[in-house]
There are 2 protein chains.
Amino acid sequence: MSNQPRETIPAGKVHEESGKATERTRAKLLAAAGEVFARAGYYNATIREICALAGANVAAVNYHFRDKLGLYTEVLRKSVGVPQNQAVLKMFEQDTPPSEVLRHVIRAMVQRMCGTDRHELNLRFQLMAQELARPSPVRSGVIDEAVRPIYTRMLALISSMLGLPPDDPKTRLCTHSVVGQIAHYVHARPVVAQLWPQQKMTPEQLDQIAEHIADFSLSYLEKAARNRRNKPARNVKRRK
Amino acid sequence: MSNQPRETIPAGKVHEESGKATERTRAKLLAAAGEVFARAGYYNATIREICALAGANVAAVNYHFRDKLGLYTEVLRKSVGVPQNQAVLKMFEQDTPPSEVLRHVIRAMVQRMCGTDRHELNLRFQLMAQELARPSPVRSGVIDEAVRPIYTRMLALISSMLGLPPDDPKTRLCTHSVVGQIAHYVHARPVVAQLWPQQKMTPEQLDQIAEHIADFSLSYLEKAARNRRNKPARNVKRRK
DNA sequence: CCAAAAGTCAAACAAGTGTTTTAATCTTGC
DNA sequence: GCAAGATTAAAACACTTGTTTGACTTTTGG
């Protein structure tokens with residue numbers, strides 16, 4: 001009896017991006033979910049918010065994806081499995097000195113994790129960052145498929161700079177030092193904002209942060225590499 | 001219902017556990033809440049878990065403290081306002097070279113934040129760490145009263161090492177680099193555990209981590225200080 | 001000793017969440 | 001065109017959480 005209470009599909013979008021209405025709902029849900037999950041993380045995101053953003057009913061999530069976790073998993077698969085993914089890993093195989101490669105990688109991670117726009121490529125990193133801070137039920141899989149590839153290459157890169165095996169504790173520690181500096185600006189953002197109000201996370205400032213992290217890290221890495229080259233038979237040891 | 005809303009909690013009571021039963025309940029609640037809040041953070045902690053640990057009824061929280069936030073605030077006040085607090089800040093005024101002070105501070109923060117036992121002193125740092133990752137409604141106050149004092153001294157310390165003003169962007173960036181490395185092991189603990197299973201966070205390994213973070217950071221800080229001393233009129237700039 | 005206040009307890013309440021149901025609507029194949 | 005299936009919608013459900021209630025028990029002050 002009742003006319004459609006709220007705006008049904010506006011007349012003009014009969015032939016949208018992908019033809020069938022059902023596929024459009026699915027796509028809109030995925031897009032909205034990516035947005036919300038990337039901003040709020042798995043637990044803080046609510047299905048109702050995602051559906052409101054997508055203009056869909058809450059039951060749509062259960063129909064198209066099994067449940068919240070199914071939707072999240074699909075978002076991850078879309079985000080992790082895309083070919084651009086390879087572009088990220090290609091960063092590690094540039095034809096430049098390792099220090100420059102590291103600098104590029106750091107800059108990319110800072111911009112993608114801290115930036116506010118969530119297009120395709122950034123999404124992956126922002127989801128990863130959320131997973132770092134508040135692991136979802138699929139944490140293990142996310143880490144293995146999304147985090148570990150980058151982590152492994154990071155280990156390899158730093159390993160080559162240090163002249164140590166990739167699984168040497170020192171290599172690990174250095175890698176975590178680099179990643180930790182980056183992740184800090186993502187995780188502790190509200191705290192940083194209060195302690196350092198001038199820091200507004202503009203693209204220019206993000207670049208400055210990235211440059212600093214690179215400088216800060218390379219100082220140790222290059223020194224350790226020099227020490228290692230001079231006396232390659234023993235551990236790097238220079239304090240006290 | 002006759003209680004005036006937002007009445008402050010009776011803070012002057014200093015009776016210990018041996019006192020009346022009511023004070024004992026209060027004390028047990030505070031202890032349990034400290035434990036749970038430090039482990040799970042404000043949002044993940046539940047009143048029911050706290051009360052179960054304290055052996056009290058859920059209504060006790062609303063009776064003795066106004067609500068969950070009142071309990072949390074009281075835990076913070078107990079933890080932040082204690083005289084041991086000063087001991088932490090004293091670390092910054094040791095009669096040793098700045099680099100050694102920094103090393104001590106880093107070691108203390110790593111052990112206190114990452115350790116599993118939650119006695120008095122560790123509590124403060126673990127609560128701070130939780131507040132860094134997932135700010136509670138009283139975030140602003142916590143930062144001003146608990147985080148900022150340490151942050152300010154850290155800025156001052158690194159400022160003195162760099163020969164730059166405490167609010168120089170470089171000083172800020174370096175401070176965040178140090179803190180970020182530490183916080184990473186707290187926030188991303190499950191991820192680190194999966195990527196680096198050998199890392200068990202034993203006291204010995206925590207010490208190794210702390211030493212590394214100090215070495216890693218001092219490399220840049222001391223080099224920057226040297227460069228600054230040699231040409232004090234211009235910015236530190238040495239790459240490319 | 002005993003009432004009144006303070007404190008405790010089990011239970012209920014209120015609000016938010018993910019999920020399911022049921023019916024209505026749309027799409028599709030014949 | 002139309003019935004069967006696919007999709008959507010509104011409401012209800014189940015569960016968790018913080019909070020409150022009202023009866024009960026303990027403590028307190030005279």
# chains A, B, ... in the order shown; residues from 1 in each chain; ligands from 1

$ interface_residues --of "chain C" --to "chain A" --cutoff "8 Å" --atoms "only C-alpha atoms (C1' of nucleotides)" --output "ChimeraX atom specification"
/C:17-19

$ write_last_selection --atoms "N, CA and C atoms (P, O5', C5', C4', C3', O3' and C1' of nucleotides)" --output "PDB file, in the first residue's frame"
ATOM      1  P    DT C  17      26.020   0.912  17.681  1.00  0.00           P
ATOM      2  O5'  DT C  17      26.103  -0.668  17.513  1.00  0.00           O
ATOM      3  C5'  DT C  17      27.251  -1.362  17.983  1.00  0.00           C
ATOM      4  C4'  DT C  17      27.008  -2.846  17.984  1.00  0.00           C
ATOM      5  C3'  DT C  17      26.688  -3.448  16.631  1.00  0.00           C
ATOM      6  O3'  DT C  17      27.880  -3.788  15.976  1.00  0.00           O
ATOM      7  C1'  DT C  17      25.344  -4.396  18.395  1.00  0.00           C
ATOM      8  P    DG C  18      27.772  -4.191  14.409  1.00  0.00           P
ATOM      9  O5'  DG C  18      27.313  -5.713  14.446  1.00  0.00           O
ATOM     10  C5'  DG C  18      28.226  -6.699  14.908  1.00  0.00           C
ATOM     11  C4'  DG C  18      27.546  -8.064  14.941  1.00  0.00           C
ATOM     12  C3'  DG C  18      27.230  -8.655  13.570  1.00  0.00           C
ATOM     13  O3'  DG C  18      27.503 -10.051  13.559  1.00  0.00           O
ATOM     14  C1'  DG C  18      25.229  -8.423  14.815  1.00  0.00           C
ATOM     15  P    DT C  19      27.270 -10.887  12.257  1.00  0.00           P
ATOM     16  O5'  DT C  19      25.754 -11.369  12.393  1.00  0.00           O
ATOM     17  C5'  DT C  19      25.382 -12.157  13.516  1.00  0.00           C
ATOM     18  C4'  DT C  19      23.901 -12.473  13.480  1.00  0.00           C
ATOM     19  C3'  DT C  19      23.405 -13.063  12.152  1.00  0.00           C
ATOM     20  O3'  DT C  19      23.029 -14.406  12.376  1.00  0.00           O
ATOM     21  C1'  DT C  19      21.904 -11.419  13.038  1.00  0.00           C
TER      22       DT C  19
END

$ residues_around --residues "DA4 in chain C" --least-positions-apart "5" --cutoff "12 Å" --atoms "only C-alpha atoms (C1' of nucleotides)" --output "number ranges by chain"
D: 27-30

$ interface_residues --of "chain B" --to "chain A" --cutoff "7 Å" --atoms "only C-alpha atoms" --output "ChimeraX atom specification"
/B:132-133,173,177,180-181,184,187-188,191,212,216,219-220

$ calpha_fit_rmsd --fixed "chain B" --moving "chain A"
6.5 Å

$ interface_residues --of "chain D" --to "chain A" --cutoff "8 Å" --atoms "only C-alpha atoms (C1' of nucleotides)" --output "MDAnalysis selection string"
chainID D and resid 7:9

$ select_by_dssp --residues "range 11-90 of chain A" --states "alpha helix (DSSP H)" --output "NGL selection string"
:A and (21-44 or 47-54 or 58-64 or 68-80 or 84-90)
